[in-house]
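J.: As input, take work_15.cif (mmCIF, C-alpha atoms):
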```cif
data_structure
loop_
_atom_site.label_atom_id
_atom_site.label_comp_id
_atom_site.auth_asym_id
_atom_site.auth_seq_id
_atom_site.Cartn_x
_atom_site.Cartn_y
_atom_site.Cartn_z
CA MET A 30 9.16 21.03 12.97
CA THR A 31 9.54 17.95 15.12
CA ARG A 32 12.77 16.73 16.60
CA ARG A 33 14.58 14.47 14.18
CA GLY A 34 15.55 11.00 15.33
CA ARG A 35 18.96 9.47 14.75
CA GLY A 36 17.78 7.31 11.86
CA GLU A 37 16.16 10.24 10.20
CA LEU A 38 19.24 12.43 10.53
CA GLU A 39 21.30 9.67 8.95
CA ALA A 40 18.84 9.50 6.08
CA GLU A 41 18.82 13.25 5.60
CA ILE A 42 22.62 13.53 5.58
CA LEU A 43 22.99 10.55 3.27
CA ALA A 44 20.46 12.04 0.86
CA LEU A 45 22.33 15.35 0.98
CA LEU A 46 25.64 13.71 0.11
CA TRP A 47 24.09 11.88 -2.84
CA THR A 48 22.89 15.17 -4.31
CA ALA A 49 26.13 17.02 -3.66
CA ASP A 50 28.52 17.86 -6.50
CA GLY A 51 31.52 16.46 -4.65
CA PRO A 52 32.83 15.35 -1.26
CA MET A 53 31.64 17.35 1.74
CA THR A 54 33.24 17.89 5.12
CA ALA A 55 31.28 17.98 8.37
CA VAL A 56 31.38 21.77 8.23
CA ASP A 57 29.92 21.75 4.71
CA VAL A 58 27.17 19.34 5.71
CA ARG A 59 26.27 21.32 8.80
CA ARG A 60 26.03 24.51 6.79
CA ALA A 61 23.94 22.87 4.05
CA LEU A 62 21.44 21.70 6.66
CA GLY A 63 20.90 25.22 7.93
CA GLY A 64 23.31 25.22 10.86
CA GLU A 65 20.75 23.89 13.34
CA LEU A 66 22.64 20.73 14.19
CA ALA A 67 25.64 20.67 16.49
CA TYR A 68 28.97 20.10 14.75
CA THR A 69 29.68 17.05 16.93
CA THR A 70 26.33 15.55 15.93
CA VAL A 71 27.19 15.88 12.26
CA VAL A 72 30.65 14.36 12.79
CA THR A 73 29.17 11.44 14.74
CA ILE A 74 26.64 10.67 12.03
CA LEU A 75 29.18 10.91 9.22
CA SER A 76 31.52 8.57 11.11
CA ARG A 77 28.72 6.09 11.65
CA LEU A 78 27.78 6.10 7.99
CA TYR A 79 31.44 5.60 7.14
CA GLU A 80 31.63 2.60 9.49
CA LYS A 81 28.55 1.17 7.77
CA ARG A 82 30.49 1.44 4.51
CA VAL A 83 27.80 3.64 3.06
CA LEU A 84 30.25 6.55 2.77
CA ARG A 85 33.90 6.72 1.91
CA ARG A 86 36.17 9.52 2.95
CA GLU A 87 39.38 11.27 1.99
CA ARG A 88 41.56 13.74 3.83
CA SER A 89 40.73 17.38 3.19
CA GLY A 90 43.21 19.43 5.14
CA ARG A 91 42.76 18.45 8.75
CA ALA A 92 39.21 17.15 8.28
CA PHE A 93 37.64 14.35 6.29
CA ALA A 94 35.54 14.92 3.20
CA TYR A 95 32.79 12.33 2.74
CA GLN A 96 30.97 11.03 -0.30
CA PRO A 97 28.67 8.08 -0.90
CA VAL A 98 29.99 4.69 -1.94
CA ALA A 99 28.78 4.23 -5.50
CA ASP A 100 29.75 0.71 -6.61
CA GLU A 101 27.40 -1.54 -4.65
CA PRO A 102 24.42 0.76 -5.09
CA GLY A 103 25.06 0.75 -8.82
CA LEU A 104 24.80 -3.03 -8.95
CA ALA A 105 21.80 -2.92 -6.67
CA ALA A 106 20.10 -0.40 -8.95
CA ARG A 107 20.47 -2.73 -11.91
CA ARG A 108 19.17 -5.71 -9.96
CA MET A 109 16.26 -3.67 -8.60
CA ARG A 110 15.30 -2.59 -12.10
CA GLN A 111 15.08 -6.24 -13.11
CA VAL A 112 12.85 -7.01 -10.17
CA LEU A 113 10.59 -4.02 -10.78
CA ASP A 114 10.24 -4.74 -14.48
CA GLY A 115 9.54 -8.39 -13.88
CA GLU A 116 7.11 -8.39 -10.99
CA ALA A 117 3.44 -7.60 -11.52
CA GLU A 118 2.69 -7.21 -7.82
CA ARG A 119 5.27 -4.54 -7.16
CA ASP A 120 2.69 -1.80 -6.75
CA THR A 121 0.91 -3.67 -3.98
CA VAL A 122 3.87 -4.35 -1.72
CA LEU A 123 6.29 -1.57 -2.66
CA ALA A 124 4.52 1.66 -1.75
CA ARG A 125 5.64 4.20 -4.36
CA PHE A 126 5.72 7.86 -3.48
CA VAL A 127 3.84 8.75 -6.63
CA SER A 128 2.00 6.65 -9.18
CA GLU A 129 2.10 7.42 -12.87
CA LEU A 130 0.13 10.36 -14.20
CA SER A 131 -2.34 10.56 -17.01
CA THR A 132 -1.85 13.42 -19.42
CA ASP A 133 -4.87 15.17 -17.89
CA ASP A 134 -3.39 14.81 -14.42
CA GLU A 135 -0.12 16.26 -15.65
CA VAL A 136 -1.90 19.41 -16.80
CA VAL A 137 -3.70 19.72 -13.46
CA LEU A 138 -0.46 19.22 -11.59
CA ARG A 139 1.48 21.84 -13.49
CA ARG A 140 -1.33 24.29 -12.86
CA LEU A 141 -1.37 23.45 -9.15
CA LEU A 142 2.37 23.78 -8.91
CA HIS A 143 2.34 27.09 -10.74
CA GLY A 144 -0.45 28.34 -8.51
CA GLU A 145 1.55 27.41 -5.47
CA ALA A 146 4.62 29.24 -6.70
CA THR A 147 2.74 32.52 -7.13
CA MET B 10 -30.52 -22.58 -1.24
CA ARG B 11 -32.03 -19.52 0.22
CA ILE B 12 -31.21 -15.99 -0.76
CA VAL B 13 -29.29 -15.36 2.46
CA VAL B 14 -26.53 -17.55 1.07
CA TYR B 15 -25.93 -15.15 -1.75
CA LEU B 16 -25.88 -12.03 0.42
CA PRO B 17 -22.12 -12.10 1.07
CA LEU B 18 -21.68 -12.23 -2.67
CA ILE B 19 -24.05 -9.34 -3.39
CA ILE B 20 -23.12 -6.92 -0.59
CA PRO B 21 -19.70 -6.19 -2.11
CA MET B 22 -21.45 -4.74 -5.14
CA ILE B 23 -23.30 -2.23 -3.01
CA LEU B 24 -20.30 -1.23 -0.93
CA ALA B 25 -17.88 -1.11 -3.82
CA VAL B 26 -19.95 1.49 -5.66
CA ARG B 27 -19.51 3.84 -2.72
CA ALA B 28 -16.02 2.77 -1.68
CA GLN B 29 -14.23 6.07 -2.31
CA TRP B 30 -17.10 8.09 -0.85
CA LEU B 31 -16.84 6.08 2.38
CA ALA B 32 -13.06 6.51 2.46
CA ASP B 33 -13.36 10.29 2.01
CA ARG B 34 -15.68 10.60 4.99
CA LEU B 35 -13.23 8.99 7.38
CA ALA B 36 -9.77 9.96 8.55
CA PRO B 37 -7.25 8.28 6.19
CA ARG B 38 -5.82 5.88 8.76
CA VAL B 39 -9.27 4.86 9.97
CA ALA B 40 -10.47 4.48 6.39
CA ALA B 41 -7.55 2.24 5.50
CA TRP B 42 -8.01 -0.18 8.36
CA ALA B 43 -11.83 -0.18 8.45
CA LEU B 44 -12.24 -0.68 4.71
CA ALA B 45 -9.46 -3.27 4.61
CA LEU B 46 -11.13 -5.23 7.38
CA VAL B 47 -14.50 -5.28 5.67
CA THR B 48 -12.93 -6.08 2.29
CA VAL B 49 -11.05 -9.09 3.62
CA ALA B 50 -14.13 -10.22 5.55
CA LEU B 51 -16.28 -9.93 2.42
CA ALA B 52 -13.79 -11.95 0.41
CA ALA B 53 -13.46 -14.64 3.07
CA CYS B 54 -17.21 -14.93 3.57
CA GLY B 55 -17.77 -14.97 -0.16
CA LEU B 56 -15.31 -17.85 -0.49
CA LEU B 57 -16.99 -19.72 2.34
CA MET B 58 -20.41 -19.22 0.76
CA THR B 59 -19.18 -20.37 -2.62
CA GLY B 60 -17.75 -23.41 -0.90
CA LEU B 61 -21.09 -24.16 0.70
CA VAL B 62 -22.90 -23.88 -2.61
CA ALA B 63 -20.39 -26.26 -4.17
CA LEU B 64 -20.76 -28.58 -1.22
CA ALA B 65 -24.54 -28.60 -1.67
CA GLY B 66 -24.02 -30.32 -4.97
CA ALA B 67 -21.17 -32.52 -3.81
CA VAL B 68 -23.12 -34.11 -0.95
CA GLN B 69 -25.81 -35.21 -3.39
CA LEU B 70 -23.36 -37.40 -5.24
CA PRO B 71 -24.09 -40.99 -4.21
CA PRO B 72 -20.53 -41.88 -3.19
CA VAL B 73 -20.24 -38.76 -1.04
CA ALA B 74 -23.70 -39.21 0.50
CA ALA B 75 -22.86 -42.78 1.29
CA ALA B 76 -19.61 -41.82 2.97
CA GLY B 77 -21.35 -39.16 5.10
CA GLN B 78 -24.34 -41.39 5.72
CA TRP B 79 -26.78 -38.80 4.40
CA SER B 80 -30.02 -39.60 2.69
CA VAL B 81 -29.68 -38.64 -0.98
CA ARG B 82 -33.44 -38.48 -1.34
CA TYR B 83 -33.72 -36.07 1.55
CA LEU B 84 -30.95 -33.86 0.21
CA ARG B 85 -32.50 -33.78 -3.24
CA HIS B 86 -35.76 -32.76 -1.63
CA ALA B 87 -34.12 -30.09 0.58
CA PHE B 88 -32.07 -28.38 -2.10
CA ASP B 89 -33.41 -26.70 -5.22
CA PRO B 90 -33.52 -28.83 -8.36
CA GLY B 91 -30.91 -26.63 -10.01
CA ALA B 92 -28.57 -26.89 -7.02
CA VAL B 93 -26.25 -29.44 -8.58
CA LEU B 94 -25.63 -27.34 -11.67
CA ILE B 95 -25.05 -24.23 -9.60
CA ALA B 96 -22.74 -26.27 -7.40
CA VAL B 97 -20.56 -27.13 -10.39
CA VAL B 98 -20.31 -23.45 -11.30
CA ALA B 99 -19.51 -22.64 -7.68
CA ALA B 100 -16.79 -25.27 -7.59
CA VAL B 101 -15.16 -23.80 -10.70
CA VAL B 102 -15.36 -20.29 -9.24
CA LEU B 103 -13.93 -21.53 -5.95
CA ILE B 104 -10.96 -23.22 -7.59
CA ALA B 105 -10.26 -20.13 -9.68
CA ALA B 106 -10.54 -17.82 -6.66
CA VAL B 107 -8.31 -19.88 -4.40
CA GLY B 108 -5.84 -20.43 -7.21
CA GLY B 109 -5.74 -16.72 -7.95
CA ALA B 110 -5.28 -15.86 -4.29
CA GLY B 111 -2.39 -18.29 -3.99
CA ARG B 112 -0.74 -16.98 -7.15
CA ILE B 113 -1.01 -13.36 -6.07
CA THR B 114 0.28 -14.09 -2.56
CA ARG B 115 3.28 -15.97 -3.93
CA SER B 116 3.96 -13.10 -6.31
CA GLN B 117 3.83 -10.58 -3.49
CA VAL B 118 6.22 -12.55 -1.28
CA ARG B 119 8.55 -13.13 -4.20
CA THR B 120 8.60 -9.43 -5.05
CA VAL B 121 9.61 -8.44 -1.53
CA LEU B 122 12.23 -11.18 -1.23
CA ARG B 123 13.74 -10.45 -4.65
CA SER B 124 13.82 -6.72 -3.89
CA ARG B 125 15.54 -7.24 -0.57
CA GLY B 126 18.00 -9.59 -2.26
CA ALA B 127 18.72 -7.03 -4.96
CA LEU B 128 19.52 -4.39 -2.39
CA ALA B 129 21.83 -6.58 -0.34
CA GLY B 130 25.14 -4.83 0.04
CA ALA B 131 23.83 -1.48 -1.15
CA GLY B 132 24.18 -0.11 2.34
CA THR B 133 22.78 -0.79 5.75
CA GLY B 134 20.52 1.72 7.38
CA GLU B 135 16.99 2.65 6.58
CA LEU B 136 17.63 4.84 3.58
CA VAL B 137 19.04 3.18 0.50
CA VAL B 138 20.01 5.49 -2.34
CA LEU B 139 20.37 4.02 -5.80
CA PRO B 140 22.31 5.88 -8.47
CA GLU B 141 19.55 6.01 -11.08
CA THR B 142 18.44 9.01 -13.05
CA VAL B 143 14.86 7.73 -13.23
CA PRO B 144 13.08 9.33 -10.27
CA MET B 145 11.69 6.74 -7.96
CA ALA B 146 11.01 6.31 -4.27
CA TYR B 147 9.27 3.54 -2.43
CA ALA B 148 9.05 1.73 0.87
CA LEU B 149 10.43 -1.79 0.95
CA PRO B 150 8.88 -3.75 3.82
CA GLY B 151 10.77 -6.20 6.00
CA ARG B 152 12.80 -6.36 9.17
CA PRO B 153 14.13 -3.78 8.94
CA GLY B 154 12.22 -1.94 6.29
CA HIS B 155 13.97 0.34 3.84
CA VAL B 156 13.19 3.58 2.10
CA VAL B 157 14.58 3.18 -1.41
CA VAL B 158 15.20 6.38 -3.34
CA SER B 159 16.96 7.08 -6.61
CA THR B 160 19.41 9.96 -7.07
CA GLY B 161 17.06 11.18 -9.80
CA MET B 162 14.30 11.59 -7.26
CA LEU B 163 16.57 13.32 -4.74
CA ALA B 164 17.70 15.75 -7.42
CA ALA B 165 14.12 16.73 -8.23
CA LEU B 166 13.39 17.93 -4.70
CA ASP B 167 14.82 20.49 -2.32
CA GLY B 168 15.89 19.76 1.26
CA THR B 169 12.54 20.09 3.01
CA GLU B 170 10.71 18.30 0.22
CA ARG B 171 13.17 15.40 0.55
CA ARG B 172 12.35 15.24 4.24
CA ALA B 173 8.67 15.08 3.40
CA LEU B 174 9.35 12.27 0.93
CA ILE B 175 11.34 10.24 3.43
CA ALA B 176 8.78 10.89 6.18
CA HIS B 177 6.02 9.69 3.83
CA GLU B 178 7.81 6.44 3.04
CA ARG B 179 8.72 5.86 6.69
CA ALA B 180 5.04 6.28 7.56
CA HIS B 181 4.24 3.42 5.18
CA LEU B 182 6.78 1.21 6.95
CA ALA B 183 5.74 2.20 10.46
CA GLY B 184 2.07 1.73 9.64
CA ARG B 185 2.68 -1.68 8.00
CA HIS B 186 0.60 -0.48 5.06
CA HIS B 187 1.99 -3.22 2.84
CA LEU B 188 0.07 -5.78 4.91
CA ILE B 189 -3.18 -3.93 4.39
CA THR B 190 -2.78 -3.37 0.66
CA ALA B 191 -1.49 -6.90 0.07
CA ALA B 192 -4.51 -8.34 1.88
CA THR B 193 -7.03 -6.24 -0.04
CA ARG B 194 -5.26 -7.08 -3.29
CA VAL B 195 -5.73 -10.77 -2.57
CA ALA B 196 -9.34 -10.11 -1.58
CA ALA B 197 -9.96 -8.26 -4.85
CA THR B 198 -8.49 -11.22 -6.75
CA VAL B 199 -10.83 -13.62 -4.96
CA ASN B 200 -13.79 -11.35 -5.70
CA PRO B 201 -13.24 -8.78 -8.47
CA LEU B 202 -16.26 -6.81 -7.23
CA LEU B 203 -14.02 -5.74 -4.37
CA ARG B 204 -11.57 -3.93 -6.63
CA PRO B 205 -12.95 -0.44 -5.90
CA LEU B 206 -12.53 -1.14 -2.21
CA HIS B 207 -8.93 -2.18 -2.76
CA ARG B 208 -8.27 1.03 -4.66
CA ALA B 209 -9.90 3.07 -1.90
CA VAL B 210 -7.72 1.34 0.70
CA VAL B 211 -4.53 1.98 -1.29
CA PHE B 212 -5.50 5.63 -1.66
CA SER B 213 -6.23 5.90 2.06
CA THR B 214 -2.78 4.56 2.96
CA GLU B 215 -1.23 7.16 0.65
CA ARG B 216 -3.30 9.93 2.26
CA SER B 217 -2.38 8.67 5.70
CA ALA B 218 1.33 8.78 4.85
CA ASP B 219 0.88 12.25 3.31
CA GLU B 220 -0.72 13.58 6.48
CA HIS B 221 2.06 12.09 8.58
CA ALA B 222 4.70 13.68 6.36
CA ALA B 223 2.91 17.06 6.47
CA ARG B 224 2.81 16.97 10.26
CA HIS B 225 6.44 15.95 10.39
CA VAL B 226 7.86 18.72 8.23
CA GLY B 227 5.30 21.16 9.57
CA SER B 228 3.90 22.17 6.19
CA ARG B 229 1.10 20.73 4.07
CA ARG B 230 2.16 22.92 1.17
CA VAL B 231 5.72 21.66 1.12
CA THR B 232 4.46 18.08 1.20
CA ALA B 233 2.02 18.82 -1.64
CA ARG B 234 4.81 20.43 -3.64
CA ALA B 235 7.05 17.42 -3.06
CA ILE B 236 4.37 15.12 -4.46
CA ALA B 237 3.76 17.35 -7.47
CA LYS B 238 7.45 17.74 -8.32
CA ALA B 239 8.10 14.03 -7.83
CA ALA B 240 5.19 13.09 -10.08
CA LEU B 241 6.15 15.53 -12.82
CA ALA B 242 9.80 14.50 -12.61
CA GLY B 243 8.77 10.96 -13.40
CA GLN B 244 6.83 11.97 -16.49
CA GLY B 245 9.82 12.14 -18.74
CA GLY B 246 9.93 8.37 -18.94
CA ALA B 247 7.91 5.97 -21.03
CA THR B 248 4.18 5.94 -20.57
CA GLY B 249 2.47 2.78 -19.46
CA PRO B 250 -1.06 1.46 -19.24
CA GLU B 251 -1.71 3.56 -16.16
CA THR B 252 -1.26 6.78 -18.09
CA LEU B 253 -4.45 6.45 -20.10
CA PRO B 254 -6.61 9.53 -19.55
CA THR B 255 -9.22 8.89 -16.92
CA ALA B 256 -12.65 10.41 -16.48
CA THR B 257 -11.91 11.41 -12.91
CA ALA B 258 -8.69 12.83 -11.53
CA GLY B 259 -6.06 10.25 -10.64
CA PRO B 260 -4.78 9.70 -7.11
CA VAL B 261 -1.87 12.14 -7.35
CA PRO B 262 -3.92 15.33 -8.01
CA ARG B 263 -6.43 14.22 -5.39
CA ARG B 264 -3.67 13.79 -2.81
CA ILE B 265 -2.30 17.24 -3.57
CA HIS B 266 -5.74 18.76 -3.45
CA ALA B 267 -6.39 17.20 -0.06
CA LEU B 268 -3.16 18.64 1.31
CA LEU B 269 -3.69 22.13 -0.12
CA ALA B 270 -7.27 22.36 1.09
CA ALA B 271 -7.50 23.47 4.67
CA PRO B 272 -8.14 20.59 7.06
CA PRO B 273 -11.90 20.17 7.30
CA ALA B 274 -13.34 22.10 10.21
CA ALA B 275 -15.08 20.03 12.85
CA HIS B 276 -18.43 20.75 11.27
CA ALA B 277 -21.43 18.98 12.67
CA TRP B 278 -22.38 17.87 9.17
CA ALA B 279 -18.94 16.33 8.56
CA THR B 280 -19.03 14.52 11.87
CA ALA B 281 -22.49 13.13 11.13
CA LEU B 282 -21.32 11.82 7.77
CA ARG B 283 -18.25 10.28 9.37
CA VAL B 284 -20.44 8.43 11.85
CA LEU B 285 -22.73 7.38 9.01
CA ALA B 286 -19.82 6.04 7.01
CA MET B 287 -18.52 4.04 9.98
CA LEU B 288 -22.00 2.67 10.61
CA ALA B 289 -22.29 1.64 6.97
CA VAL B 290 -19.00 -0.20 7.14
CA ALA B 291 -19.84 -1.82 10.47
CA ALA B 292 -23.33 -2.77 9.28
CA THR B 293 -21.89 -4.39 6.17
CA LEU B 294 -19.43 -6.36 8.24
CA VAL B 295 -22.11 -7.52 10.65
CA ALA B 296 -24.60 -8.37 7.89
CA THR B 297 -22.00 -10.37 5.97
CA LEU B 298 -20.84 -12.30 9.03
CA ALA B 299 -24.42 -12.91 10.14
CA ALA B 300 -25.45 -14.17 6.71
CA THR B 301 -22.42 -16.43 6.58
CA ILE B 302 -23.01 -17.88 10.03
CA GLU B 303 -26.71 -18.34 9.27
CA ALA B 304 -26.05 -20.13 6.01
CA THR B 305 -23.38 -22.34 7.59
CA THR B 306 -25.57 -23.40 10.51
CA ASP B 307 -28.51 -23.97 8.14
CA PHE B 308 -26.36 -26.22 6.02
CA ASP B 309 -25.08 -28.04 9.06
CA LEU B 310 -28.62 -28.60 10.29
CA LEU B 311 -29.66 -29.85 6.89
CA LEU B 312 -26.88 -32.42 6.91
CA ASP B 313 -27.90 -33.55 10.38
CA LEU B 314 -31.49 -34.04 9.20
CA ALA B 315 -30.27 -35.87 6.12
CA HIS B 316 -28.25 -38.10 8.40
CA LEU B 317 -31.34 -38.82 10.48
CA ALA B 318 -33.37 -39.50 7.36
CA ALA B 319 -30.80 -42.06 6.29
CA GLN B 320 -31.28 -44.12 9.46
#
```
Could I get this structure in the form of structure tokens?

T.:
Amino acid sequence: MTRRGRGELEAEILALLWTADGPMTAVDVRRALGGELAYTTVVTILSRLYEKRVLRRERSGRAFAYQPVADEPGLAARRMRQVLDGEAERDTVLARFVSELSTDDEVVLRRLLHGEAT
Amino acid sequence: MRIVVYLPLIIPMILAVRAQWLADRLAPRVAAWALALVTVALAACGLLMTGLVALAGAVQLPPVAAAGQWSVRYLRHAFDPGAVLIAVVAAVVLIAAVGGAGRITRSQVRTVLRSRGALAGAGTGELVVLPETVPMAYALPGRPGHVVVSTGMLAALDGTERRALIAHERAHLAGRHHLITAATRVAATVNPLLRPLHRAVVFSTERSADEHAARHVGSRRVTARAIAKAALAGQGGATGPETLPTATAGPVPRRIHALLAAPPAAHAWATALRVLAMLAVAATLVATLAATIEATTDFDLLLDLAHLAAQ
């Protein structure tokens, strides 16, 4: 595993908070990431994301518990959907992780996935 | 006009038939750039050639010949009798091609600008998460670029798979793949025979990003699993025209297959084929450029002679 850059750590922690069931403290985040990162690193990144207004926080005992800001992204999601639905060239300039599957492909994929799990 | 004029229009047919085969022989990043280069060159040369053919007819029109001081009689003698009719067809094709290219380019720019506008305020930083249950993830180019992911997509993957996903999208941004695919898309609009090449280039950029992600998280299997889970997670939604059953496997199973198969050993046979593929691409590029230059200088010479004949 390669060393993770600052931007990548931010992305990983942000993604983690979006999938969490509720607010998470720095301790929670550090534990969820496997305990490899230093506590101070996690705190620094959470603070930075808070300053960027990507996260909001509330007091949880003596620490802060962080969760993602949901209002602006919600609006953005709606606007993005309009763009995606309306633009024919979206697949050329917006590189999707996966394209759509045919029914045949779906069968192949499930088989591959099952084979991998065993 | 001689057959050499039509070479840049015919060569794409030959190359396009073997586009994916060529791409498979080369490393994904090399394939993407090499094939994109030759595709754009073929489109540009094809346009130039079409323009020359149209011009061959245009210069025979008395007002034009008079303006350029060319002998109409000489031109009529130099070009084939059917040249004027072909020139009209060429002019129509040229207008359609250039018009199509302009339309597609405007659409591409508009898509990126509208997308960036839509995301304004949704958070600074490279990763933008949108609260949407529909799984989606893509790279939005720009300065800076963004990796846009929906909560639905994040929920479908585990921690390491998410890292692979983000690494894949970041590879697209770092590699400026949008420039390559946008260019080949325009080229394929100008000359539809180039469509298989465009598809091969798009696939190569995906493979290149996959390999980068696999190296980054240290596991080809995890990356393959991430792709599979992401693709299947997105199947719950409505089907579209792309979900028609195809004779050959689509890009997603092929990407997974490539990751799960062991990296090809440095076999002498494989190396020879790689060299062959590069030579084929290079030869096509050279042949197309040579034919274009030849036809252009021929035409230029012809006009000079027509000018002399008019004295």

J.: Quick one: residues within 6 Å of segment 112-129 of chain A, only C-alpha atoms, excluding same-chain residues fewer than 5 positions away - as a ChimeraX atom specification?

T.: /B:117,146-149,187,190-191,240

J.: Can you tell me, as a ChimeraX atom specification, what residues are no more than 8 Å from segment 297-309 of chain B when counting all atoms listed in the file, ignoring any on the same chain fewer than 2 positions away?

T.: /B:13-14,16-17,20,50-51,54,57-58,61,293-295,311-313

J.: Please determine, counting only C-alpha atoms, which residue among B:Leu314, B:Val39, B:Ala319, B:Ile113 has the shortest atom-to-atom distance to Ala87 of chain B.

T.: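 Closest to Ala87 of chain B of all the choices is B:Leu314.
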
J.: When you draw a straight line from atom CA of Gly60 of chain B to atom CA of Pro205 of chain B, how long is it in Å?

T.: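 Computing it gives 24.0 Å between the two atoms.
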
J.: At a cut-off of 9 Å, list the chain A residues touching chain B, using all atoms listed in the file, as a PyMOL selection string.

T.: chain A and resi 30-32+36-37+39-41+43-45+47-48+62+78+81-83+98-109+111-113+115-119+121-135+137-139+141-142+145

J.: Measuring between all atoms listed in the file, which one of B:Ala197, B:Ile95, B:Ala105, B:Val143 shows the shortest distance to Ala52 of chain B?

T.: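 The answer is B:Ala197, which sits nearest to Ala52 of chain B.
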
J.: Nearest residue to Val72 of chain A out of A:Arg110, A:Ile42, A:Asp50, A:Glu87, using all atoms listed in the file?

T.: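 Looking only at the distances to Val72 of chain A, the closest residue turns out to be A:Ile42.
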
J.: List the neighbours of Leu206 of chain B out to 7 Å using only C-alpha atoms; skip same-chain residues closer than 4 positions along the sequence, and give me the result as number ranges by chain.

T.: B: 25, 28, 44, 48, 210

J.: Would you kindly return, as a ChimeraX atom specification, each protein, DNA or RNA residue with an atom no farther than 10 Å from any atom of Ala55 of chain A, considering only C-alpha atoms and excluding same-chain residues fewer than 2 positions away?

T.: /A:53,57-61,68-76,92-95

J.: Kindly list the centre and edge lengths in Å, rounded to one decimal, for the axis-aligned box that covers all listed atoms of segment 85-101 of chain A plus 8 Å on each of its six sides, as AutoDock Vina command-line options.

T.:
```
--center_x 35.3 --center_y 8.9 --center_z 1.1 --size_x 31.8 --size_y 37.0 --size_z 31.4
```

J.: Figure out the distance between atom CA of Thr142 of chain B and atom CA of Gln96 of chain A, please, to one decimal in Å.

T.: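 Result for atom CA of Gln96 of chain A versus atom CA of Thr142 of chain B: 18.0 Å, one decimal.
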
J.: When you draw a straight line from atom CA of His316 of chain B to atom CA of Gly91 of chain B, how long is it in Å?

T.: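 Interatomic distance, atom CA of His316 of chain B to atom CA of Gly91 of chain B: 21.9 Å.
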
J.: Select, counting only C-alpha atoms, all protein, DNA and RNA residues no farther than 6 Å from (-1.6, 10.0, 6.7) in file coordinates, and express the selection as a compact mmCIF listing (two decimals) with C-alpha atoms, in the coordinates of the input.

T.:
```txt
# COMPACT_ATOMS: atom_id res chain seq x y z
CA PRO B 37 -7.25 8.28 6.19
CA ARG B 216 -3.30 9.93 2.26
CA SER B 217 -2.38 8.67 5.70
CA ALA B 218 1.33 8.78 4.85
CA ASP B 219 0.88 12.25 3.31
CA GLU B 220 -0.72 13.58 6.48
CA HIS B 221 2.06 12.09 8.58
```

J.: Would you list the contacts of Ala99 of chain B as JSON, numbers by chain, taking every protein, DNA or RNA residue within 9 Å and counting only C-alpha atoms, but skipping same-chain residues closer than 2 positions in sequence?

T.: {"B": [59, 60, 61, 62, 63, 64, 94, 95, 96, 97, 101, 102, 103, 104]}

J.: Once the PyMOL selection byres ((chain B and resi 69) around 12) is applied to the coordinates I shared, what remains selected? I want it as a ChimeraX atom specification.

T.: /B:62-68,70-94,96-97,312,315

J.: I'd like to know which of A:Arg86, A:Pro97, A:Gly34, A:Gly64 is closest to Leu46 of chain A, using all atoms listed in the file.

T.: A:Pro97

J.: Name the closest residue to Arg85 of chain A among the candidates A:Leu38, A:Gly51, A:Arg33, A:Gly144; distances are taken between atoms, counting only C-alpha atoms.

T.: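 Ranking A:Leu38, A:Gly51, A:Arg33, A:Gly144 by distance to Arg85 of chain A, first place goes to A:Gly51.
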
J.: Could you tell me which residues the PyMOL selection byres ((chain B and resi 202) around 10) returns for this structure, as a VMD selection string?

T.: chain B and resid 18 to 26 52 196 to 201 203 to 207

J.: Could you turn the residues from that selection into a file that holds C-alpha atoms, as a compact mmCIF listing (two decimals), in the coordinates of the input?

T.:
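Final output, again_25.txt:
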```txt
# COMPACT_ATOMS: atom_id res chain seq x y z
CA LEU B 18 -21.68 -12.23 -2.67
CA ILE B 19 -24.05 -9.34 -3.39
CA ILE B 20 -23.12 -6.92 -0.59
CA PRO B 21 -19.70 -6.19 -2.11
CA MET B 22 -21.45 -4.74 -5.14
CA ILE B 23 -23.30 -2.23 -3.01
CA LEU B 24 -20.30 -1.23 -0.93
CA ALA B 25 -17.88 -1.11 -3.82
CA VAL B 26 -19.95 1.49 -5.66
CA ALA B 52 -13.79 -11.95 0.41
CA ALA B 196 -9.34 -10.11 -1.58
CA ALA B 197 -9.96 -8.26 -4.85
CA THR B 198 -8.49 -11.22 -6.75
CA VAL B 199 -10.83 -13.62 -4.96
CA ASN B 200 -13.79 -11.35 -5.70
CA PRO B 201 -13.24 -8.78 -8.47
CA LEU B 203 -14.02 -5.74 -4.37
CA ARG B 204 -11.57 -3.93 -6.63
CA PRO B 205 -12.95 -0.44 -5.90
CA LEU B 206 -12.53 -1.14 -2.21
CA HIS B 207 -8.93 -2.18 -2.76
```
